[in-house]
$ cat coords-v7.cif   # mmCIF, C-alpha atoms
data_work
loop_
_atom_site.label_atom_id
_atom_site.label_comp_id
_atom_site.auth_asym_id
_atom_site.auth_seq_id
_atom_site.Cartn_x
_atom_site.Cartn_y
_atom_site.Cartn_z
CA MET A 215 121.17 52.41 -121.07
CA ALA A 216 122.16 54.76 -123.82
CA GLN A 217 125.87 55.39 -124.10
CA LYS A 218 126.91 58.87 -122.99
CA GLN A 219 127.68 60.99 -126.00
CA GLN A 220 131.14 62.52 -126.10
CA PRO A 221 131.27 66.30 -126.53
CA ALA A 222 132.08 67.46 -130.03
CA ALA A 223 135.53 68.81 -130.71
CA PRO A 224 135.61 72.61 -130.68
CA ARG A 225 135.33 74.34 -134.04
CA LEU A 226 137.64 77.23 -134.79
CA ASP A 227 136.77 80.24 -136.87
CA PRO A 228 138.23 79.57 -140.37
CA ALA A 229 140.68 82.48 -140.01
CA LEU A 230 141.93 81.17 -136.65
CA ARG A 231 142.14 77.66 -138.08
CA GLU A 232 144.39 78.99 -140.84
CA ALA A 233 146.49 80.87 -138.27
CA ALA A 234 146.79 77.71 -136.18
CA GLU A 235 148.06 75.74 -139.15
CA GLN A 236 150.64 78.44 -139.92
CA LYS A 237 151.90 78.79 -136.35
CA ALA A 238 151.78 75.15 -135.28
CA GLY A 239 155.12 73.42 -134.93
CA ALA A 240 158.06 72.82 -132.62
CA TYR A 241 159.17 75.58 -130.25
CA VAL A 242 161.33 76.00 -127.19
CA LEU A 243 159.69 77.64 -124.18
CA GLN A 244 162.47 79.44 -122.33
CA SER A 245 163.22 82.06 -119.71
CA ALA A 246 164.51 85.49 -120.76
CA ASP A 247 168.12 84.60 -119.99
CA GLY A 248 167.86 81.34 -121.94
CA GLU A 249 169.05 79.26 -118.99
CA ARG A 250 165.74 77.45 -118.43
CA LYS A 251 164.27 75.68 -121.44
CA CYS A 252 161.43 73.32 -122.29
CA PRO A 253 160.72 71.83 -125.75
CA ILE A 254 157.04 72.16 -126.70
CA THR A 255 155.09 71.34 -129.84
CA LEU A 256 151.96 73.27 -130.77
CA LYS A 257 149.66 71.11 -132.89
CA ALA A 258 146.97 72.09 -135.36
CA GLU A 259 144.48 69.44 -134.23
CA THR A 260 141.99 69.96 -131.41
CA ALA A 261 142.15 68.25 -128.03
CA GLY A 262 139.49 68.91 -125.41
CA GLY A 263 138.53 72.57 -125.55
CA ALA A 264 141.65 73.82 -127.31
CA LEU A 265 144.36 72.91 -129.76
CA ALA A 266 146.73 70.17 -128.69
CA VAL A 267 150.19 70.63 -127.21
CA GLN A 268 152.94 68.11 -126.66
CA LEU A 269 155.57 68.46 -123.94
CA ASP A 270 157.26 66.38 -121.26
CA LYS A 271 155.54 67.90 -118.23
CA ALA A 272 157.69 66.16 -115.65
CA ALA A 273 160.92 67.36 -117.25
CA CYS A 274 159.61 70.84 -118.09
CA GLU A 275 158.13 71.51 -114.66
CA ALA A 276 161.59 71.12 -113.16
CA THR A 277 162.83 74.09 -115.18
CA ILE A 278 159.70 76.19 -115.88
CA ALA A 279 157.13 75.66 -113.14
CA PHE A 280 154.04 77.04 -114.92
CA SER A 281 154.49 74.53 -117.77
CA ALA A 282 152.71 71.99 -115.56
CA GLN A 283 149.47 73.94 -116.14
CA ILE A 284 149.67 73.87 -119.95
CA ALA A 285 146.95 71.73 -121.49
CA GLY A 286 146.36 73.39 -124.86
CA TRP A 287 146.87 76.50 -126.96
CA THR A 288 145.09 78.80 -129.37
CA PRO A 289 146.00 81.69 -131.65
CA ASP A 290 143.91 84.85 -131.50
CA ALA A 291 142.92 87.55 -133.95
CA THR A 292 145.80 89.84 -132.87
CA GLY A 293 148.43 87.26 -133.88
CA ALA A 294 149.22 86.27 -130.31
CA LEU A 295 149.59 82.69 -129.07
CA ARG A 296 147.86 81.76 -125.82
CA LEU A 297 148.87 78.74 -123.75
CA LEU A 298 145.82 77.44 -121.86
CA ASN A 299 145.16 75.30 -118.80
CA ALA A 300 142.67 72.43 -118.67
CA GLN A 301 139.82 74.85 -117.91
CA GLY A 302 140.61 76.97 -120.97
CA ARG A 303 142.08 79.87 -119.00
CA THR A 304 145.20 81.63 -120.26
CA VAL A 305 148.43 80.54 -118.59
CA ALA A 306 150.61 82.82 -120.71
CA GLU A 307 149.91 85.05 -123.70
CA PHE A 308 152.77 85.38 -126.19
CA THR A 309 152.92 88.28 -128.63
CA GLU A 310 155.03 88.13 -131.77
CA ALA A 311 158.52 89.60 -131.44
CA THR A 312 161.46 89.76 -133.83
CA GLY A 313 162.96 86.80 -135.65
CA GLY A 314 159.78 84.71 -135.51
CA SER A 315 159.88 84.38 -131.72
CA TYR A 316 157.09 85.19 -129.25
CA GLU A 317 157.34 86.81 -125.82
CA ALA A 318 155.16 86.84 -122.71
CA LEU A 319 155.37 88.72 -119.43
CA ARG A 320 153.99 86.76 -116.48
CA GLU A 321 153.31 89.03 -113.52
CA ALA A 322 155.56 88.29 -110.52
CA ASP A 323 157.28 85.59 -112.57
CA GLY A 324 159.21 87.14 -115.44
CA VAL A 325 159.56 87.22 -119.20
CA TYR A 326 159.38 84.02 -121.26
CA PHE A 327 159.82 83.25 -124.94
CA LEU A 328 158.62 80.75 -127.49
CA VAL A 329 161.45 80.44 -130.00
CA ASN A 330 162.39 78.36 -133.01
CA PRO A 331 164.54 75.40 -131.88
CA SER A 332 167.27 76.41 -134.33
CA ILE A 333 167.66 79.70 -132.43
CA ALA A 334 167.49 78.08 -129.01
CA GLU A 335 170.28 75.68 -129.97
CA LEU A 336 172.74 78.29 -131.23
CA PRO A 337 176.23 77.76 -129.73
CA GLU A 338 177.14 79.76 -126.64
CA VAL A 339 178.12 83.32 -127.48
CA THR A 340 181.60 84.53 -126.56
CA GLN A 341 182.83 87.98 -125.69
CA ALA A 342 185.13 88.04 -128.72
CA GLU A 343 182.12 87.60 -131.02
CA VAL A 344 180.29 90.70 -129.82
CA VAL A 345 183.10 93.19 -129.11
CA GLY A 346 183.18 96.03 -131.65
CA ASP A 347 180.80 98.36 -133.47
CA TRP A 348 177.05 97.83 -133.79
CA ASP A 349 174.34 99.83 -135.52
CA LEU A 350 171.02 100.22 -133.73
CA ALA A 351 167.72 100.48 -135.58
CA ALA A 352 164.00 100.20 -134.99
CA THR A 353 163.65 98.74 -138.49
CA PRO A 354 166.42 96.95 -140.43
CA GLY A 355 168.44 99.21 -142.71
CA THR A 356 167.59 102.50 -140.95
CA PRO A 357 170.30 103.08 -138.31
CA LEU A 358 169.47 105.34 -135.37
CA CYS A 359 172.82 105.16 -133.66
CA ARG A 360 176.14 103.35 -133.51
CA TRP A 361 177.79 102.14 -130.37
CA SER A 362 180.86 100.08 -129.61
CA LEU A 363 181.14 97.24 -127.10
CA THR A 364 184.68 97.46 -125.71
CA GLU A 365 186.82 95.16 -123.59
CA THR A 366 187.70 97.95 -121.16
CA PRO A 367 186.43 97.14 -117.64
CA ALA A 368 183.68 99.47 -116.41
CA PRO A 369 183.88 100.95 -112.88
CA LYS A 370 180.74 99.16 -111.65
CA GLY A 371 181.28 95.87 -113.46
CA GLY A 372 181.06 94.67 -117.03
CA PHE A 373 182.75 96.58 -119.83
CA LEU A 374 182.55 100.11 -121.16
CA LEU A 375 180.16 100.90 -124.00
CA LYS A 376 180.98 103.89 -126.21
CA VAL A 377 178.14 105.74 -127.96
CA ALA A 378 178.89 107.61 -131.20
CA ALA A 379 177.90 111.25 -131.59
CA GLY A 380 174.68 112.19 -133.37
CA CYS A 381 172.48 109.37 -132.05
CA ASP A 382 168.72 109.60 -132.37
CA ALA A 383 167.05 110.81 -129.16
CA SER A 384 165.24 107.47 -128.75
CA VAL A 385 168.62 105.78 -128.27
CA ALA A 386 170.50 108.65 -126.62
CA ARG A 387 168.00 108.74 -123.74
CA LEU A 388 169.03 105.19 -122.81
CA ALA A 389 172.34 106.69 -121.59
CA ALA A 390 174.07 103.37 -122.30
CA ALA A 391 177.40 103.13 -120.49
CA SER A 392 178.37 99.48 -119.97
CA TRP A 393 177.60 95.96 -121.15
CA ARG A 394 178.08 92.33 -120.17
CA LEU A 395 177.05 88.85 -121.25
CA ASP A 396 174.35 87.14 -119.23
CA GLY A 397 172.89 83.74 -120.04
CA GLY A 398 173.74 84.10 -123.73
CA ASN A 399 172.22 87.61 -123.89
CA ILE A 400 173.84 91.04 -124.00
CA LEU A 401 172.85 93.27 -121.06
CA VAL A 402 173.36 97.00 -121.58
CA SER A 403 173.28 99.27 -118.51
CA GLY A 404 172.88 103.02 -118.40
CA THR A 405 174.34 105.75 -116.24
CA GLY A 406 171.02 106.38 -114.48
CA GLY A 407 170.99 103.07 -112.61
CA GLY A 408 167.74 101.89 -114.20
CA ALA A 409 166.96 98.37 -115.40
CA ALA A 410 169.41 96.91 -117.90
CA ILE A 411 168.31 96.41 -121.50
CA ARG A 412 168.54 92.79 -122.67
CA PHE A 413 169.37 91.84 -126.25
CA ALA A 414 168.83 88.27 -127.50
CA ARG A 415 170.71 86.82 -130.43
CA GLN A 416 168.75 86.15 -133.62
CA GLU A 417 169.33 83.39 -136.13
CA ASP A 418 170.79 85.82 -138.70
CA GLY A 419 173.48 87.03 -136.29
CA SER A 420 171.76 90.27 -135.30
CA TRP A 421 170.48 91.01 -131.79
CA ALA A 422 167.03 92.24 -130.72
CA ARG A 423 165.87 93.93 -127.52
CA VAL A 424 163.72 91.65 -125.36
CA PRO A 425 161.05 91.94 -124.32
CA GLU A 426 160.10 94.05 -127.32
CA ARG A 427 156.71 95.29 -126.03
CA GLY A 428 155.96 97.04 -129.30
CA ARG A 429 159.23 99.00 -129.35
CA PRO A 430 161.74 97.00 -131.42
CA LEU A 431 165.44 97.82 -131.18
CA LEU A 432 167.86 95.81 -133.29
CA MET A 433 171.65 95.55 -133.17
CA SER A 434 173.48 94.62 -136.35
CA ARG A 435 177.03 94.93 -137.62
CA PRO A 436 177.75 98.02 -139.76
#
$ encode --input "coords-v7.cif" --output "structure tokens"
Amino acid sequence: MAQKQQPAAPRLDPALREAAEQKAGAYVLQSADGERKCPITLKAETAGGALAVQLDKAACEATIAFSAQIAGWTPDATGALRLLNAQGRTVAEFTEATGGSYEALREADGVYFLVNPSIAELPEVTQAEVVGDWDLAATPGTPLCRWSLTETPAPKGGFLLKVAAGCDASVARLAAASWRLDGGNILVSGTGGGAAIRFARQEDGSWARVPERGRPLLMSRP
């Protein structure tokens, strides 16, 4: 009886192969607040119907449940990274954000990030580190506004945030009024009672709004 032939490894388009080689490497898959983390390595070689991944599924599933479904990954032409299950379906699609990290919104689950391990392992941020003035910008070097994180308690919790006069409308409409630390992130709340804006620390000491969703907002020291 003839031996059953094994299926050939999938062949990537040369452009996607190049993208895979550039983006492959060690990452940390983590929740938006940074409290749940899972080390994962994206590899450039194929495995089954996708590119190979390496992670400790038993350990990761305890912190990030959907990680149990991850069987492979692939880049796509838009620059996104897709984590795939064993059937080749997308488990989570991560789009590139600031600082070399990637973000994904899973419906009814939340926001997750793939980040460089050096960022994920930054020491815990303290209130003293972030109190003071910050410039806000959509692109580095072009400030839209300046606000100050104070240590004065806010009426509804957290601390007062003071916004300087003359802010660009894109920032002024946020109506920022208070801030607090949450899971290593800065949460900024407005007067309108809407959802808080979350800023995640970057490796260079700046902070970036997450999820970005195509509208970057960066905080950096004046």
$ closest_residue --input "coords-v7.cif" --among "A:Val242, A:Ile284, A:Ala229, A:Ala322" --to "Val305 of chain A" --atoms "all atoms listed in the file"
A:Ile284
$ atom_distance --input "coords-v7.cif" --atom1 "atom CA of Pro289 of chain A" --atom2 "atom CA of Arg320 of chain A"
17.9 Å
$ residues_around --input "coords-v7.cif" --residues "segment 246-248 of chain A" --least-positions-apart "6" --cutoff "7 Å" --atoms "all atoms listed in the file" --output "PyMOL selection string"
chain A and resi 325-327+396-399
$ residues_around --input "coords-v7.cif" --residues "Lys251 of chain A" --least-positions-apart "2" --cutoff "9 Å" --atoms "only C-alpha atoms" --output "ChimeraX atom specification"
/A:242-245,248-249,253,274,277-278,334
$ atom_distance --input "coords-v7.cif" --atom1 "atom CA of Asn299 of chain A" --atom2 "atom CA of Ser315 of chain A"
21.6 Å
$ resolve_selection --input "coords-v7.cif" --expression "the PyMOL selection byres ((chain A and resi 395) around 12)" --output "ChimeraX atom specification"
/A:247-248,338-345,363,365,371-373,392-394,396-403,410-415
$ resolve_selection --input "coords-v7.cif" --expression "the PyMOL selection byres ((chain A and resi 359) around 12)" --output "PDB file with C-alpha atoms, keeping the file's coordinate frame"
ATOM      1  CA  ASP A 347     180.800  98.360-133.470  1.00  0.00           C
ATOM      2  CA  TRP A 348     177.050  97.830-133.790  1.00  0.00           C
ATOM      3  CA  ASP A 349     174.340  99.830-135.520  1.00  0.00           C
ATOM      4  CA  LEU A 350     171.020 100.220-133.730  1.00  0.00           C
ATOM      5  CA  ALA A 351     167.720 100.480-135.580  1.00  0.00           C
ATOM      6  CA  ALA A 352     164.000 100.200-134.990  1.00  0.00           C
ATOM      7  CA  GLY A 355     168.440  99.210-142.710  1.00  0.00           C
ATOM      8  CA  THR A 356     167.590 102.500-140.950  1.00  0.00           C
ATOM      9  CA  PRO A 357     170.300 103.080-138.310  1.00  0.00           C
ATOM     10  CA  LEU A 358     169.470 105.340-135.370  1.00  0.00           C
ATOM     11  CA  ARG A 360     176.140 103.350-133.510  1.00  0.00           C
ATOM     12  CA  TRP A 361     177.790 102.140-130.370  1.00  0.00           C
ATOM     13  CA  SER A 362     180.860 100.080-129.610  1.00  0.00           C
ATOM     14  CA  LYS A 376     180.980 103.890-126.210  1.00  0.00           C
ATOM     15  CA  VAL A 377     178.140 105.740-127.960  1.00  0.00           C
ATOM     16  CA  ALA A 378     178.890 107.610-131.200  1.00  0.00           C
ATOM     17  CA  ALA A 379     177.900 111.250-131.590  1.00  0.00           C
ATOM     18  CA  GLY A 380     174.680 112.190-133.370  1.00  0.00           C
ATOM     19  CA  CYS A 381     172.480 109.370-132.050  1.00  0.00           C
ATOM     20  CA  ASP A 382     168.720 109.600-132.370  1.00  0.00           C
ATOM     21  CA  ALA A 383     167.050 110.810-129.160  1.00  0.00           C
ATOM     22  CA  SER A 384     165.240 107.470-128.750  1.00  0.00           C
ATOM     23  CA  VAL A 385     168.620 105.780-128.270  1.00  0.00           C
ATOM     24  CA  ALA A 386     170.500 108.650-126.620  1.00  0.00           C
ATOM     25  CA  ARG A 387     168.000 108.740-123.740  1.00  0.00           C
ATOM     26  CA  LEU A 388     169.030 105.190-122.810  1.00  0.00           C
ATOM     27  CA  ALA A 390     174.070 103.370-122.300  1.00  0.00           C
ATOM     28  CA  LEU A 431     165.440  97.820-131.180  1.00  0.00           C
ATOM     29  CA  LEU A 432     167.860  95.810-133.290  1.00  0.00           C
ATOM     30  CA  MET A 433     171.650  95.550-133.170  1.00  0.00           C
ATOM     31  CA  SER A 434     173.480  94.620-136.350  1.00  0.00           C
ATOM     32  CA  ARG A 435     177.030  94.930-137.620  1.00  0.00           C
ATOM     33  CA  PRO A 436     177.750  98.020-139.760  1.00  0.00           C
TER      34      PRO A 436
END
